[in-house]
Amino acid sequence: MLREFPPPPRAEQFSELIKKRLEEVKAAGGTRETVTVDWNGQQIHVDVIDLPLSGLYLNPGTHRIRAQRTHRPAQDRNLDKDPFGEAGQEYLRVLLQARPSNPDARDPDFDKLKDDLRQFGQNDPGLVTRHGVLVNGNTRAVALRELGQQTMRVGVLPPSFTQADVDAVELALQLRQDQRRDYSYINRLLAMEEQAALGRTPEQIAKEFRIRTATYHQERWILSVIKELNDRSASGGGIALRLVDWEGAQERLKELQRLYVKLESLDRDQAEILKEWRLAAILLDFSKTDVRHIDEVFLDEGYLEKTLPAELADSGTVSQAESVSIPGLGLDVPAASTAVSAARALNDRILRAAATVRSATALPDSERAEAQALLDGAKDAFDKAIDGHGRDARVRKRKQLAPARLADACANIEQCVIELVQARTSHSLDEEAFDEAVLKLQGSLRKLAQQAGRGMPNPGDGVSWLLAAAVAEGSR
């Protein structure tokens, strides 16, 4: 949601400095450097000036690290409380140079940006408010400070710009195709949600993000699922999964959404169970190809039930209500089936264990060890189930290969009949080549008959005909 931030410390003094620098640029005459800003469907040009890096503030509302802020909840709360304080600004600095999927690790892309700035300098200006808060160029400012630079070239937004204007400008700049570092996946989802909260239509947001409207709805579904799972992962102590924990799962989540939509209209219970199991597998860090094995056959054949240890299988022991009452409406709707409830209960345990293991909060070693043991048991069970399904799928594929090959041969022979008729009509048939090809067919059919006659005590009509034809041909 949109939040108005208070002015930073020394805002008035810095505003005066910005005003003087802008006046100096205008008084100097000649060609002035400007930067183009997209705002409310129009382009405006703002003057560029040099400002001391020490006076610029990193933007606490930047969309670039919105999800990563939840990495350390205590520091995130402190940043909310004092966005321009020393501790809050330091937390922003750490996140801006960190890997989006793992904020504890430094991002190689940040170091590439830093090397580029060291070698070529600052090519493109940043963008600031009249109070010196960076709208665009936060990451560059962090890199320039690490390089020991004293100033930064920035365009200055008009003093009339509100926080909503600032956010819109930042979003437009970051969605350009030529940006050096794109938003991470979760931060794009949050930016879409924010735009929807401002009253924009799905079509407008899709156009802004350069995606199809159907993709926008898919992304909103994914974000709602992530938020629901994070809420479900919360334990009594308030420990919960964070948005950043789902970075890197983009393609797996999109495939899940497509499967869910396909199955929901056919069998909602099946769709819900597979959704819970796939989400658990994603959280357990299975690859995209592994997660794909969790499909309708995986559910129907009960692969997971065969491998779950007793302590996890007991997660499904839940009471079944016939219906659920909706407060205030006086309506009763059918409750989730026992199988769906069992899948949710299993996933809830995995979610809470993952939240405990990944939490930055100080926890007893015994509690983390217990959670890790649960995750290890769940991953082993899923691994065995997925492997079993994959192995059986390969066997099924091999069983289907011979009939498929023969069906292809039949299709080729049917086409051969048509082409034989056409060749005779046009008197273009190469009879010798055709005769040689028929002899090869004769040899191939003999080999096929020999193999088909083995291990089939009760052959069907087709195989019986083939064997009889081979015997008749051999007796000639």
# chains A, B, ... in the order shown; residues from 1 in each chain; ligands from 1
$ closest_atom_pairs --of "stretch 337-425 of chain A" --to "stretch 73-84 of chain A" --cutoff "10 Å" --atoms "only C-alpha atoms" --output "tab-separated table"
residue	atom	partner	partner_atom	distance
A:Ser359	CA	A:Pro73	CA	9.3
A:Ala360	CA	A:Pro73	CA	8.2
A:Thr361	CA	A:Pro73	CA	8.5
$ write_last_selection --atoms "N, CA and C atoms" --output "PDB file, in the first residue's frame"
ATOM      1  N   SER A 359      14.310 -18.719   9.619  1.00  0.00           N
ATOM      2  CA  SER A 359      14.147 -17.492  10.394  1.00  0.00           C
ATOM      3  C   SER A 359      15.485 -16.915  10.831  1.00  0.00           C
ATOM      4  N   ALA A 360      15.576 -15.579  10.771  1.00  0.00           N
ATOM      5  CA  ALA A 360      16.779 -14.888  11.257  1.00  0.00           C
ATOM      6  C   ALA A 360      16.693 -14.631  12.754  1.00  0.00           C
ATOM      7  N   THR A 361      15.544 -14.948  13.358  1.00  0.00           N
ATOM      8  CA  THR A 361      15.360 -14.754  14.795  1.00  0.00           C
ATOM      9  C   THR A 361      16.141 -15.812  15.566  1.00  0.00           C
TER      10      THR A 361
END
$ residues_around --residues "A:Gln42" --least-positions-apart "3" --cutoff "12 Å" --atoms "only C-alpha atoms" --output "PyMOL selection string"
chain A and resi 36-39+45+168-169+172
$ residues_around --residues "A:Glu194" --least-positions-apart "4" --cutoff "10 Å" --atoms "only C-alpha atoms" --output "list in words"
Met1, Leu2, His63, Asp167, Arg188, Leu189, Leu190, Leu198, Gly199 and Arg200 of chain A
$ residues_around --residues "stretch 17-27 of chain A" --least-positions-apart "5" --cutoff "12 Å" --atoms "only C-alpha atoms" --output "list in words"
Arg10, Ala11, Glu12, Arg32, Glu33, Thr34, Val46, Asp47, Val48, Ile49, Asp50, Leu51, Pro52, Gly55, Leu56, Val128, Thr129, Arg130, His131, Gly132, Val133, Arg153, Val154, Gly155, Val156, Leu157, Pro158 and Pro159 of chain A
$ residues_around --residues "A:Gln270" --least-positions-apart "5" --cutoff "8 Å" --atoms "only C-alpha atoms" --output "list in words"
Leu263, Glu264, Glu296, Leu299 and Val340 of chain A
$ write_last_selection --atoms "N, CA and C atoms" --output "CSV table (one decimal), in the first residue's frame"
chain,number,residue,atom,x,y,z
A,263,LEU,N,-7.4,-28.0,-13.8
A,263,LEU,CA,-8.1,-29.0,-13.0
A,263,LEU,C,-9.3,-28.6,-12.2
A,264,GLU,N,-9.3,-27.3,-11.8
A,264,GLU,CA,-10.3,-26.8,-10.9
A,264,GLU,C,-11.7,-27.0,-11.4
A,296,GLU,N,-1.8,-35.7,-11.9
A,296,GLU,CA,-3.0,-36.5,-11.6
A,296,GLU,C,-2.6,-38.0,-11.4
A,299,LEU,N,-1.2,-38.5,-8.0
A,299,LEU,CA,-2.2,-38.5,-6.9
A,299,LEU,C,-3.0,-39.8,-7.0
A,340,VAL,N,-8.2,-33.3,1.0
A,340,VAL,CA,-7.8,-31.9,0.9
A,340,VAL,C,-7.2,-31.4,2.2
$ residues_around --residues "A:Glu193" --least-positions-apart "6" --cutoff "10 Å" --atoms "only C-alpha atoms" --output "PyMOL selection string"
chain A and resi 1+187+200+205+216+219-220+223-224
